[in-house]
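**Q** One file is attached below, input-v7.pdb, containing PDB, C-alpha atoms and all ligand atoms.
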```
ATOM      1  CA  MET A   1    -126.545 -56.437 118.221
ATOM      2  CA  ILE A   2    -124.328 -54.930 115.535
ATOM      3  CA  ASP A   3    -123.868 -55.355 111.779
ATOM      4  CA  LEU A   4    -120.493 -54.619 110.222
ATOM      5  CA  HIS A   5    -121.117 -55.779 106.647
ATOM      6  CA  LEU A   6    -123.664 -53.721 104.697
ATOM      7  CA  HIS A   7    -123.901 -52.794 101.008
ATOM      8  CA  SER A   8    -125.667 -49.717  99.598
ATOM      9  CA  ILE A   9    -126.474 -48.457  96.096
ATOM     10  CA  GLY A  10    -122.842 -47.243  96.094
ATOM     11  CA  SER A  11    -122.099 -50.818  94.952
ATOM     12  CA  ASP A  12    -124.685 -53.560  94.518
ATOM     13  CA  GLY A  13    -127.208 -52.996  97.299
ATOM     14  CA  SER A  14    -130.660 -51.464  96.876
ATOM     15  CA  ASP A  15    -130.689 -49.041  99.843
ATOM     16  CA  THR A  16    -129.192 -45.567  99.879
ATOM     17  CA  PRO A  17    -126.566 -45.135 102.620
ATOM     18  CA  GLU A  18    -129.150 -43.151 104.625
ATOM     19  CA  ALA A  19    -131.732 -45.939 104.242
ATOM     20  CA  LEU A  20    -129.163 -48.494 105.450
ATOM     21  CA  VAL A  21    -128.832 -46.590 108.706
ATOM     22  CA  THR A  22    -132.563 -46.202 109.253
ATOM     23  CA  ALA A  23    -133.135 -49.899 108.467
ATOM     24  CA  GLY A  24    -130.367 -50.801 110.921
ATOM     25  CA  VAL A  25    -131.723 -48.585 113.680
ATOM     26  CA  ARG A  26    -135.212 -49.990 113.148
ATOM     27  CA  ALA A  27    -133.790 -53.500 113.478
ATOM     28  CA  GLY A  28    -132.216 -52.534 116.823
ATOM     29  CA  LEU A  29    -128.585 -52.253 115.789
ATOM     30  CA  ARG A  30    -126.226 -50.389 118.131
ATOM     31  CA  ALA A  31    -123.417 -50.124 115.611
ATOM     32  CA  LEU A  32    -123.108 -50.541 111.876
ATOM     33  CA  ALA A  33    -120.553 -50.278 109.098
ATOM     34  CA  ILE A  34    -120.984 -49.623 105.378
ATOM     35  CA  THR A  35    -118.817 -51.925 103.241
ATOM     36  CA  ASP A  36    -119.531 -51.259  99.581
ATOM     37  CA  HIS A  37    -117.410 -53.075  96.976
ATOM     38  CA  ASP A  38    -114.484 -50.955  95.743
ATOM     39  CA  THR A  39    -115.958 -47.552  96.645
ATOM     40  CA  VAL A  40    -116.279 -45.174  99.593
ATOM     41  CA  ALA A  41    -118.742 -42.875  97.805
ATOM     42  CA  GLY A  42    -121.504 -43.680 100.303
ATOM     43  CA  VAL A  43    -119.396 -43.249 103.446
ATOM     44  CA  PRO A  44    -119.925 -39.511 104.153
ATOM     45  CA  SER A  45    -123.741 -39.626 103.970
ATOM     46  CA  PHE A  46    -123.747 -42.925 105.895
ATOM     47  CA  LEU A  47    -121.708 -41.442 108.751
ATOM     48  CA  GLU A  48    -123.778 -38.237 108.798
ATOM     49  CA  THR A  49    -126.930 -40.307 109.152
ATOM     50  CA  CYS A  50    -125.376 -42.406 111.940
ATOM     51  CA  LEU A  51    -124.545 -39.223 113.793
ATOM     52  CA  ARG A  52    -128.089 -37.929 113.366
ATOM     53  CA  GLU A  53    -129.618 -41.258 114.413
ATOM     54  CA  ARG A  54    -127.257 -41.496 117.403
ATOM     55  CA  VAL A  55    -125.897 -44.891 116.464
ATOM     56  CA  LEU A  56    -122.253 -45.858 116.268
ATOM     57  CA  GLY A  57    -121.160 -45.782 112.629
ATOM     58  CA  LEU A  58    -117.961 -47.031 111.013
ATOM     59  CA  SER A  59    -116.648 -46.293 107.572
ATOM     60  CA  GLY A  60    -115.697 -49.330 105.550
ATOM     61  CA  ILE A  61    -115.035 -50.901 102.191
ATOM     62  CA  GLU A  62    -114.888 -54.414 100.703
ATOM     63  CA  LEU A  63    -112.110 -55.023  98.170
ATOM     64  CA  SER A  64    -111.923 -58.063  95.911
ATOM     65  CA  VAL A  65    -108.340 -59.251  96.055
ATOM     66  CA  ASP A  66    -106.351 -60.993  93.352
ATOM     67  CA  THR A  67    -105.448 -64.513  94.519
ATOM     68  CA  PRO A  68    -104.521 -67.593  92.453
ATOM     69  CA  SER A  69    -107.542 -69.533  93.679
ATOM     70  CA  GLY A  70    -110.784 -68.919  95.500
ATOM     71  CA  SER A  71    -112.393 -65.571  96.100
ATOM     72  CA  MET A  72    -110.695 -63.365  98.664
ATOM     73  CA  HIS A  73    -112.504 -60.268  99.904
ATOM     74  CA  LEU A  74    -110.846 -57.816 102.241
ATOM     75  CA  LEU A  75    -112.851 -55.509 104.472
ATOM     76  CA  GLY A  76    -111.326 -52.242 105.662
ATOM     77  CA  TYR A  77    -112.832 -50.601 108.757
ATOM     78  CA  GLY A  78    -112.367 -47.068 110.005
ATOM     79  CA  ILE A  79    -110.670 -45.859 106.825
ATOM     80  CA  ASP A  80    -110.499 -42.135 106.176
ATOM     81  CA  PRO A  81    -112.676 -41.876 103.044
ATOM     82  CA  SER A  82    -110.807 -38.763 101.940
ATOM     83  CA  ALA A  83    -107.317 -40.336 102.050
ATOM     84  CA  PRO A  84    -105.639 -39.413  98.702
ATOM     85  CA  SER A  85    -103.867 -42.798  98.425
ATOM     86  CA  LEU A  86    -107.233 -44.544  98.697
ATOM     87  CA  ALA A  87    -108.838 -42.347  96.038
ATOM     88  CA  LEU A  88    -105.976 -43.038  93.656
ATOM     89  CA  ALA A  89    -106.096 -46.817  94.053
ATOM     90  CA  LEU A  90    -109.891 -46.948  93.882
ATOM     91  CA  ARG A  91    -109.821 -44.960  90.662
ATOM     92  CA  GLN A  92    -107.573 -47.667  89.210
ATOM     93  CA  VAL A  93    -109.938 -50.412  90.385
ATOM     94  CA  GLN A  94    -112.988 -48.539  89.065
ATOM     95  CA  GLU A  95    -111.278 -47.973  85.695
ATOM     96  CA  GLY A  96    -110.656 -51.723  85.599
ATOM     97  CA  ARG A  97    -114.346 -52.301  86.186
ATOM     98  CA  ARG A  98    -115.331 -49.899  83.416
ATOM     99  CA  SER A  99    -113.138 -51.503  80.795
ATOM    100  CA  ARG A 100    -114.354 -54.931  81.888
ATOM    101  CA  ASN A 101    -118.006 -53.874  81.746
ATOM    102  CA  GLY A 102    -117.599 -52.962  78.061
ATOM    103  CA  LYS A 103    -116.052 -56.364  77.383
ATOM    104  CA  ILE A 104    -118.842 -58.227  79.185
ATOM    105  CA  LEU A 105    -121.365 -56.332  77.086
ATOM    106  CA  GLU A 106    -119.491 -57.344  73.903
ATOM    107  CA  ARG A 107    -119.438 -60.972  74.969
ATOM    108  CA  LEU A 108    -123.162 -60.910  75.616
ATOM    109  CA  HIS A 109    -123.732 -59.364  72.176
ATOM    110  CA  HIS A 110    -121.646 -62.140  70.610
ATOM    111  CA  LEU A 111    -123.885 -64.616  72.387
ATOM    112  CA  GLY A 112    -126.833 -62.962  70.677
ATOM    113  CA  ILE A 113    -127.985 -61.132  73.805
ATOM    114  CA  SER A 114    -128.503 -57.539  72.790
ATOM    115  CA  VAL A 115    -128.797 -56.058  76.267
ATOM    116  CA  SER A 116    -127.804 -52.374  76.274
ATOM    117  CA  TRP A 117    -125.432 -50.505  78.560
ATOM    118  CA  GLU A 118    -128.358 -48.337  79.689
ATOM    119  CA  GLU A 119    -130.289 -51.410  80.824
ATOM    120  CA  VAL A 120    -127.307 -52.608  82.870
ATOM    121  CA  ALA A 121    -126.377 -49.231  84.347
ATOM    122  CA  GLY A 122    -130.050 -48.632  85.117
ATOM    123  CA  GLN A 123    -129.867 -51.515  87.594
ATOM    124  CA  SER A 124    -127.119 -49.863  89.634
ATOM    125  CA  GLY A 125    -128.847 -46.771  91.007
ATOM    126  CA  GLY A 126    -125.877 -44.685  89.923
ATOM    127  CA  GLY A 127    -123.209 -46.602  91.894
ATOM    128  CA  GLU A 128    -120.350 -48.795  90.665
ATOM    129  CA  VAL A 129    -121.549 -51.277  88.047
ATOM    130  CA  GLY A 130    -120.611 -54.924  88.467
ATOM    131  CA  ARG A 131    -121.713 -58.381  87.466
ATOM    132  CA  PRO A 132    -124.757 -58.390  89.782
ATOM    133  CA  HIS A 133    -126.184 -55.527  87.693
ATOM    134  CA  PHE A 134    -125.603 -57.456  84.476
ATOM    135  CA  ALA A 135    -127.384 -60.374  86.138
ATOM    136  CA  ARG A 136    -130.391 -58.233  87.024
ATOM    137  CA  ALA A 137    -130.538 -56.762  83.521
ATOM    138  CA  LEU A 138    -130.629 -60.316  82.127
ATOM    139  CA  MET A 139    -133.408 -61.192  84.564
ATOM    140  CA  ALA A 140    -135.387 -58.100  83.529
ATOM    141  CA  ARG A 141    -135.190 -59.362  79.941
ATOM    142  CA  GLY A 142    -136.416 -62.784  81.033
ATOM    143  CA  LEU A 143    -133.067 -64.314  80.061
ATOM    144  CA  ALA A 144    -132.246 -65.574  83.551
ATOM    145  CA  ASP A 145    -134.450 -66.822  86.377
ATOM    146  CA  SER A 146    -132.316 -65.414  89.176
ATOM    147  CA  VAL A 147    -128.979 -63.706  89.821
ATOM    148  CA  GLN A 148    -127.526 -67.119  90.571
ATOM    149  CA  ASP A 149    -128.868 -68.490  87.286
ATOM    150  CA  ALA A 150    -127.291 -65.573  85.374
ATOM    151  CA  PHE A 151    -123.930 -66.267  87.030
ATOM    152  CA  ASP A 152    -124.201 -69.999  86.450
ATOM    153  CA  ARG A 153    -124.961 -69.610  82.751
ATOM    154  CA  PHE A 154    -123.193 -66.399  81.695
ATOM    155  CA  LEU A 155    -121.290 -64.316  84.220
ATOM    156  CA  GLY A 156    -119.487 -66.637  86.635
ATOM    157  CA  ARG A 157    -115.825 -67.568  86.267
ATOM    158  CA  GLY A 158    -115.421 -69.939  83.321
ATOM    159  CA  ARG A 159    -118.801 -68.999  81.822
ATOM    160  CA  PRO A 160    -119.079 -67.468  78.312
ATOM    161  CA  ALA A 161    -119.541 -63.810  79.337
ATOM    162  CA  TYR A 162    -116.937 -63.917  82.118
ATOM    163  CA  VAL A 163    -114.167 -61.333  81.864
ATOM    164  CA  GLU A 164    -111.302 -60.848  84.347
ATOM    165  CA  ARG A 165    -110.804 -57.452  85.884
ATOM    166  CA  PHE A 166    -108.002 -55.620  87.623
ATOM    167  CA  ARG A 167    -107.757 -56.489  91.310
ATOM    168  CA  LEU A 168    -105.255 -55.397  93.928
ATOM    169  CA  ASP A 169    -102.981 -58.112  95.255
ATOM    170  CA  PRO A 170    -103.319 -58.962  98.970
ATOM    171  CA  ASP A 171    -100.263 -56.931 100.040
ATOM    172  CA  ALA A 172    -101.392 -53.860  98.129
ATOM    173  CA  ALA A 173    -104.949 -54.126  99.445
ATOM    174  CA  ILE A 174    -103.803 -54.506 103.063
ATOM    175  CA  GLY A 175    -101.324 -51.650 102.645
ATOM    176  CA  LEU A 176    -103.999 -49.445 101.116
ATOM    177  CA  ILE A 177    -106.367 -49.931 104.058
ATOM    178  CA  ARG A 178    -103.608 -49.429 106.637
ATOM    179  CA  GLY A 179    -102.439 -46.345 104.745
ATOM    180  CA  ALA A 180    -105.953 -44.871 104.994
ATOM    181  CA  GLY A 181    -105.950 -45.443 108.779
ATOM    182  CA  GLY A 182    -108.126 -48.538 108.651
ATOM    183  CA  LEU A 183    -108.091 -52.105 109.890
ATOM    184  CA  PRO A 184    -107.817 -54.812 107.186
ATOM    185  CA  VAL A 185    -110.090 -57.791 107.890
ATOM    186  CA  VAL A 186    -110.428 -60.923 105.772
ATOM    187  CA  ALA A 187    -114.128 -61.295 104.817
ATOM    188  CA  HIS A 188    -115.994 -64.659 104.860
ATOM    189  CA  PRO A 189    -112.593 -66.462 104.761
ATOM    190  CA  PHE A 190    -113.920 -69.807 103.558
ATOM    191  CA  SER A 191    -114.758 -68.346 100.133
ATOM    192  CA  TRP A 192    -110.991 -68.042  99.713
ATOM    193  CA  GLU A 193    -110.094 -71.544 100.880
ATOM    194  CA  SER A 194    -112.360 -74.244 102.238
ATOM    195  CA  ASP A 195    -109.681 -76.330 103.976
ATOM    196  CA  TYR A 196    -109.156 -75.022 107.497
ATOM    197  CA  GLU A 197    -105.466 -75.934 107.771
ATOM    198  CA  VAL A 198    -104.579 -74.367 104.413
ATOM    199  CA  LEU A 199    -106.670 -71.310 105.240
ATOM    200  CA  SER A 200    -105.051 -70.832 108.619
ATOM    201  CA  ARG A 201    -101.564 -70.966 107.064
ATOM    202  CA  ARG A 202    -102.561 -68.413 104.437
ATOM    203  CA  ILE A 203    -104.052 -66.074 107.008
ATOM    204  CA  GLU A 204    -101.032 -66.446 109.261
ATOM    205  CA  ALA A 205     -98.813 -65.436 106.329
ATOM    206  CA  LEU A 206    -100.831 -62.222 105.951
ATOM    207  CA  LEU A 207    -100.307 -61.251 109.602
ATOM    208  CA  ALA A 208     -96.821 -59.977 108.916
ATOM    209  CA  ARG A 209     -98.277 -57.947 106.042
ATOM    210  CA  GLY A 210    -100.641 -56.127 108.379
ATOM    211  CA  LEU A 211    -103.846 -58.147 108.367
ATOM    212  CA  GLY A 212    -105.727 -57.175 111.533
ATOM    213  CA  GLY A 213    -108.940 -59.125 111.680
ATOM    214  CA  ILE A 214    -111.154 -61.957 110.540
ATOM    215  CA  GLU A 215    -114.887 -62.012 109.795
ATOM    216  CA  ALA A 216    -116.266 -64.890 111.848
ATOM    217  CA  TYR A 217    -119.997 -64.088 111.754
ATOM    218  CA  HIS A 218    -121.361 -64.240 108.210
ATOM    219  CA  PRO A 219    -124.387 -65.893 106.541
ATOM    220  CA  ASP A 220    -122.073 -68.154 104.505
ATOM    221  CA  HIS A 221    -120.695 -69.669 107.721
ATOM    222  CA  ASP A 222    -122.357 -72.573 109.437
ATOM    223  CA  LEU A 223    -121.686 -72.880 113.160
ATOM    224  CA  GLU A 224    -118.618 -75.027 112.563
ATOM    225  CA  ARG A 225    -116.999 -72.414 110.302
ATOM    226  CA  GLN A 226    -117.937 -69.627 112.670
ATOM    227  CA  VAL A 227    -116.231 -71.473 115.514
ATOM    228  CA  ALA A 228    -113.209 -72.212 113.304
ATOM    229  CA  CYS A 229    -112.811 -68.478 112.576
ATOM    230  CA  LEU A 230    -113.129 -67.617 116.264
ATOM    231  CA  ARG A 231    -110.470 -70.204 117.076
ATOM    232  CA  LEU A 232    -108.140 -68.849 114.418
ATOM    233  CA  ALA A 233    -108.669 -65.280 115.651
ATOM    234  CA  LYS A 234    -107.705 -66.328 119.158
ATOM    235  CA  LYS A 235    -104.659 -68.244 117.989
ATOM    236  CA  LEU A 236    -103.374 -65.414 115.797
ATOM    237  CA  GLY A 237    -104.516 -62.433 117.877
ATOM    238  CA  LEU A 238    -106.885 -61.150 115.204
ATOM    239  CA  VAL A 239    -109.851 -58.847 115.831
ATOM    240  CA  VAL A 240    -113.180 -60.619 115.196
ATOM    241  CA  THR A 241    -115.900 -58.982 113.085
ATOM    242  CA  GLY A 242    -119.205 -60.004 111.560
ATOM    243  CA  GLY A 243    -122.204 -58.885 109.617
ATOM    244  CA  SER A 244    -125.131 -59.902 107.460
ATOM    245  CA  ASP A 245    -123.745 -58.870 104.036
ATOM    246  CA  TYR A 246    -127.081 -57.115 103.583
ATOM    247  CA  HIS A 247    -127.816 -55.940 100.006
ATOM    248  CA  GLY A 248    -131.447 -54.859 100.520
ATOM    249  CA  THR A 249    -133.838 -56.216  97.902
ATOM    250  CA  CYS A 250    -130.841 -57.334  95.815
ATOM    251  CA  LYS A 251    -130.355 -60.262  98.243
ATOM    252  CA  PRO A 252    -133.869 -60.679  99.610
ATOM    253  CA  HIS A 253    -133.035 -63.767 101.701
ATOM    254  CA  VAL A 254    -130.652 -61.721 103.891
ATOM    255  CA  THR A 255    -132.017 -59.849 106.906
ATOM    256  CA  ILE A 256    -130.153 -56.865 108.294
ATOM    257  CA  GLY A 257    -128.612 -57.694 111.684
ATOM    258  CA  ARG A 258    -128.929 -61.478 111.239
ATOM    259  CA  VAL A 259    -126.233 -63.887 110.098
ATOM    260  CA  ARG A 260    -127.976 -67.261 110.354
ATOM    261  CA  GLY A 261    -131.579 -67.696 111.366
ATOM    262  CA  HIS A 262    -131.851 -65.681 114.561
ATOM    263  CA  CYS A 263    -128.080 -65.599 115.118
ATOM    264  CA  ILE A 264    -126.773 -62.063 115.601
ATOM    265  CA  VAL A 265    -123.344 -60.462 115.838
ATOM    266  CA  PRO A 266    -122.480 -59.884 119.513
ATOM    267  CA  ASP A 267    -121.919 -56.337 120.809
ATOM    268  CA  ASP A 268    -118.763 -57.327 122.635
ATOM    269  CA  LEU A 269    -116.835 -57.410 119.351
ATOM    270  CA  LEU A 270    -117.028 -53.624 119.277
ATOM    271  CA  ALA A 271    -114.570 -52.647 122.002
ATOM    272  CA  PRO A 272    -111.614 -54.638 120.550
ATOM    273  CA  LEU A 273    -112.433 -53.403 117.048
ATOM    274  CA  LEU A 274    -112.524 -49.769 118.137
ATOM    275  CA  ALA A 275    -109.340 -50.243 120.154
ATOM    276  CA  ALA A 276    -107.646 -51.409 116.949
ATOM    277  CA  LEU A 277    -108.677 -48.172 115.192
ATOM    278  CA  PRO A 278    -106.637 -45.514 116.966
ATOM    279  CA  ALA A 279    -107.080 -42.912 114.213
ATOM    280  CA  ARG A 280    -110.883 -42.896 114.451
ATOM    281  CA  ALA A 281    -111.119 -40.989 111.162
ATOM    282  CA  GLY A 282    -114.066 -43.076 110.031
ATOM    283  CA  VAL A 283    -115.906 -43.579 113.319
ATOM    284  CA  VAL A 284    -118.840 -41.513 114.585
ATOM    285  CA  GLY A 285    -120.800 -41.794 117.815
ATOM    286  CA  THR A 286    -120.261 -44.012 120.829
ATOM    287  CA  VAL A 287    -122.061 -46.853 122.535
ATOM    288  CA  SER A 288    -122.175 -47.632 126.215
ATOM    289  CA  SER A 289    -120.229 -50.881 125.775
ATOM    290  CA  GLU A 290    -117.246 -48.835 124.598
ATOM    291  CA  GLN A 291    -115.122 -48.113 127.659
TER     292      GLN A 291
HETATM  293  P1  LIG B 301    -117.912 -58.151  90.456
HETATM  294  O1  LIG B 301    -117.304 -57.396  91.612
HETATM  295  O2  LIG B 301    -118.510 -57.268  89.433
HETATM  296  O3  LIG B 301    -116.973 -59.171  89.901
HETATM  297  O4  LIG B 301    -119.141 -58.971  91.097
HETATM  298  C1  LIG B 301    -118.881 -59.721  92.246
HETATM  299  C2  LIG B 301    -120.163 -59.924  93.003
HETATM  300  O5  LIG B 301    -121.001 -60.774  92.258
HETATM  301  C3  LIG B 301    -119.914 -60.644  94.318
HETATM  302  O6  LIG B 301    -119.733 -59.745  95.377
HETATM  303  C4  LIG B 301    -121.184 -61.440  94.503
HETATM  304  O7  LIG B 301    -122.171 -60.645  95.145
HETATM  305  C5  LIG B 301    -121.646 -61.726  93.104
HETATM  306  N1  LIG B 301    -121.234 -63.054  92.664
HETATM  307  C6  LIG B 301    -120.001 -63.484  92.347
HETATM  308  N2  LIG B 301    -120.004 -64.769  91.945
HETATM  309  C7  LIG B 301    -121.291 -65.165  92.006
HETATM  310  C8  LIG B 301    -121.957 -66.394  91.719
HETATM  311  N3  LIG B 301    -121.320 -67.476  91.264
HETATM  312  N4  LIG B 301    -123.303 -66.430  91.921
HETATM  313  C9  LIG B 301    -123.980 -65.342  92.357
HETATM  314  N5  LIG B 301    -123.406 -64.182  92.639
HETATM  315  C10 LIG B 301    -122.086 -64.082  92.476
HETATM  316 ZN    ZN B 302    -122.109 -57.484  96.817
HETATM  317 FE    FE B 303    -117.797 -60.457  99.933
HETATM  318 FE    FE B 304    -120.143 -58.123 100.912
END
```
Show me the file's structure as structure tokens.
Ligand code: AMP
Ligand code: ZN
Ligand code: FE
Ligand code: FE

**A**
Amino acid sequence: MIDLHLHSIGSDGSDTPEALVTAGVRAGLRALAITDHDTVAGVPSFLETCLRERVLGLSGIELSVDTPSGSMHLLGYGIDPSAPSLALALRQVQEGRRSRNGKILERLHHLGISVSWEEVAGQSGGGEVGRPHFARALMARGLADSVQDAFDRFLGRGRPAYVERFRLDPDAAIGLIRGAGGLPVVAHPFSWESDYEVLSRRIEALLARGLGGIEAYHPDHDLERQVACLRLAKKLGLVVTGGSDYHGTCKPHVTIGRVRGHCIVPDDLLAPLLAALPARAGVVGTVSSEQ
């Protein structure tokens, strides 16, 4: 079993990159990838730990992409974390987050919620600060029952403390990942568009732009959606990936290595994924299934 979708304290997870690897090894994973939102800060220590633990490790990232509707996330596997083009673009995205964070704080103050920046940043463990950290700060104050409740009442799109932020457009995001030697993969595609026919046309349009894969195994997918993604991958010649979207204690209902109940991500996805990453800048270790 493998898990190619893991978040650390670099973004909104609770585990350090090292702890992600040890949790994965303990769960029996043969390969894992770190996919923090908008940052590769955790990649070097993650890969070092994979090497030490003798497990196959892949660098990765998850970018939120600017689309007119829905929520499109793009995973990038095997990226070189030291690519200068990547650092430049991520700085722009992170700046966008910082200016938005100040505006969210102002909105909350206008709503009479006097939560401080220190309380919010204190929830992040030193990584990039995003809405989930605002949600946890509100919970700590007893102003929300859960992260979901905080999004539903304050932080979600259309809610009173919602503020837009800079996002890369799909072409730029795909180009960025390709430029850093990685494989761009559309994450949990149904969050972007729930209608299969519309989704498949949109994904097909991104093929020419350099999209390389589709995440079929994900906790948000029921069996029908999983099968739909597998079918689309076959039709369009896309690499298939999958993972738990583990966030540690920040998403306690998610178990590392599991996507739905006892459903796991099959090892045989690895060989085609690795074959699509000729540069290997962000890959350490090998597994026996890799021929
Ligand atoms: P940000 O990148 O700061 O905009 O935060 C996005 C993250 O917040 C996503 O990756 C989700 O984990 C979480 N999120 C977004 N929308 C919701 C929602 N409606 N309910 C709960 N969590 C959400
Ligand atoms: Zn997240
Ligand atoms: Fe996502
Ligand atoms: Fe994720």

**Q** Which residues fall under the PyMOL selection byres (((not hetatm)) within 9 of (chain B and resi 303)) in this file, as a list in words?

**A**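 Taken on the displayed file, the PyMOL selection byres (((not hetatm)) within 9 of (chain B and resi 303)) yields the residues His5, His37, Glu62, Leu63, Ser64, Ser71, Met72, His73, Leu74, Leu75, Ala187, His188, Ser191 and Asp245 of chain A.
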
**Q** For ligand FE 304 (chain B), which residue out of A:Ile104, A:Met139, A:Leu4, A:Leu273 is the nearest one, using all atoms listed in the file?

**A**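 Smallest distance to ligand FE 304 (chain B) is found for A:Leu4.
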
**Q** Tell me which of A:His133, A:Arg100, A:Arg225, A:Lys235 sits closest to ligand ZN 302 (chain B), counting only C-alpha atoms and all ligand atoms.

**A** A:His133

**Q** Return as a PyMOL selection string every polymer residue, whether protein, DNA or RNA, with at least one atom no more than 10 Å from an atom of ligand ZN 302 (chain B); count all atoms listed in the file.

**A** chain A and resi 6-8+11-13+35-37+62+130-132+245-247+250-251

**Q** Smallest atom-to-atom distance to Gly60 (chain A): which of A:Ala135, A:Leu20, A:Val240, A:Leu183, using all atoms listed in the file?

**A**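 Of A:Ala135, A:Leu20, A:Val240, A:Leu183, the one nearest Gly60 (chain A), counting all atoms listed in the file, is A:Leu183.
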
**Q** Using all atoms listed in the file, determine which residues lie at most 7 Å from Gly212 (chain A), disregarding the query and same-chain residues fewer than 6 positions distant; provide the list as a PDB file with C-alpha atoms, in the frame of the given file.

**A**
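What landed in selection34.pdb:
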```pdb
ATOM      1  CA  LEU A 183    -108.091 -52.105 109.890  1.00  0.00           C
ATOM      2  CA  PRO A 184    -107.817 -54.812 107.186  1.00  0.00           C
ATOM      3  CA  VAL A 185    -110.090 -57.791 107.890  1.00  0.00           C
ATOM      4  CA  LEU A 238    -106.885 -61.150 115.204  1.00  0.00           C
ATOM      5  CA  VAL A 239    -109.851 -58.847 115.831  1.00  0.00           C
TER       6      VAL A 239
END
```

**Q** Considering only C-alpha atoms, state which residue in the set A:Pro17, A:Glu128, A:Gln94, A:Ile2 is at the smallest distance from Phe46 (chain A).

**A** A:Pro17

**Q** Quick one: of A:Val186, A:Ala276, A:Ala172, A:Ala23, who's nearest to ligand FE 304 (chain B), counting only C-alpha atoms and all ligand atoms?

**A** A:Val186

**Q** Could you work out how far CA of Thr249 (chain A) lies from CA of Leu29 (chain A), giving the answer in Å with one decimal?

**A**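 Going from CA of Leu29 (chain A) over to CA of Thr249 (chain A), I get 19.1 Å.
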
**Q** Could you list, as a PyMOL selection string, every residue within 12 Å of Leu105 (chain A), counting only C-alpha atoms and ignoring same-chain residues fewer than 2 positions away?

**A** chain A and resi 98-103+107-121+130-131+133-135+137-138+154-155+160-163

**Q** Would you list the contacts of region 198-205 of chain A as an MDAnalysis selection string, taking every protein, DNA or RNA residue within 12 Å and counting only C-alpha atoms, but skipping same-chain residues closer than 2 positions in sequence?

**A** chainID A and resid 67 69:70 72 74 170:171 184:196 207:215 225 228:238

**Q** Because some atoms of region 140-144 of chain A are absent here, can you restore all heavy atoms and send them as a short mmCIF file (atom, residue, chain, number, x, y, z; two decimals), in the frame of the given file?

**A**
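What follows is the written file result_20.cif:
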```
data_model
loop_
_atom_site.label_atom_id
_atom_site.label_comp_id
_atom_site.auth_asym_id
_atom_site.auth_seq_id
_atom_site.Cartn_x
_atom_site.Cartn_y
_atom_site.Cartn_z
N ALA A 140 -134.33 -59.02 83.97
CA ALA A 140 -135.39 -58.10 83.53
C ALA A 140 -135.82 -58.42 82.10
O ALA A 140 -136.97 -58.21 81.72
CB ALA A 140 -134.90 -56.66 83.62
N ARG A 141 -134.88 -58.96 81.32
CA ARG A 141 -135.19 -59.36 79.94
C ARG A 141 -135.81 -60.75 79.86
O ARG A 141 -136.09 -61.25 78.78
CB ARG A 141 -133.88 -59.41 79.14
CG ARG A 141 -133.39 -58.07 78.67
CD ARG A 141 -134.09 -57.71 77.37
NE ARG A 141 -133.44 -56.60 76.72
CZ ARG A 141 -132.85 -56.67 75.53
NH1 ARG A 141 -132.83 -57.81 74.87
NH2 ARG A 141 -132.31 -55.60 75.00
N GLY A 142 -135.90 -61.41 81.02
CA GLY A 142 -136.42 -62.78 81.03
C GLY A 142 -135.40 -63.81 80.55
O GLY A 142 -135.74 -64.93 80.21
N LEU A 143 -134.11 -63.41 80.57
CA LEU A 143 -133.07 -64.31 80.06
C LEU A 143 -132.39 -65.11 81.18
O LEU A 143 -131.54 -65.96 80.93
CB LEU A 143 -132.02 -63.51 79.29
CG LEU A 143 -132.56 -62.86 78.01
CD1 LEU A 143 -131.63 -61.78 77.48
CD2 LEU A 143 -132.80 -63.93 76.94
N ALA A 144 -132.75 -64.81 82.41
CA ALA A 144 -132.25 -65.57 83.55
C ALA A 144 -133.34 -65.58 84.61
O ALA A 144 -134.10 -64.62 84.73
CB ALA A 144 -130.97 -64.95 84.09
#
```
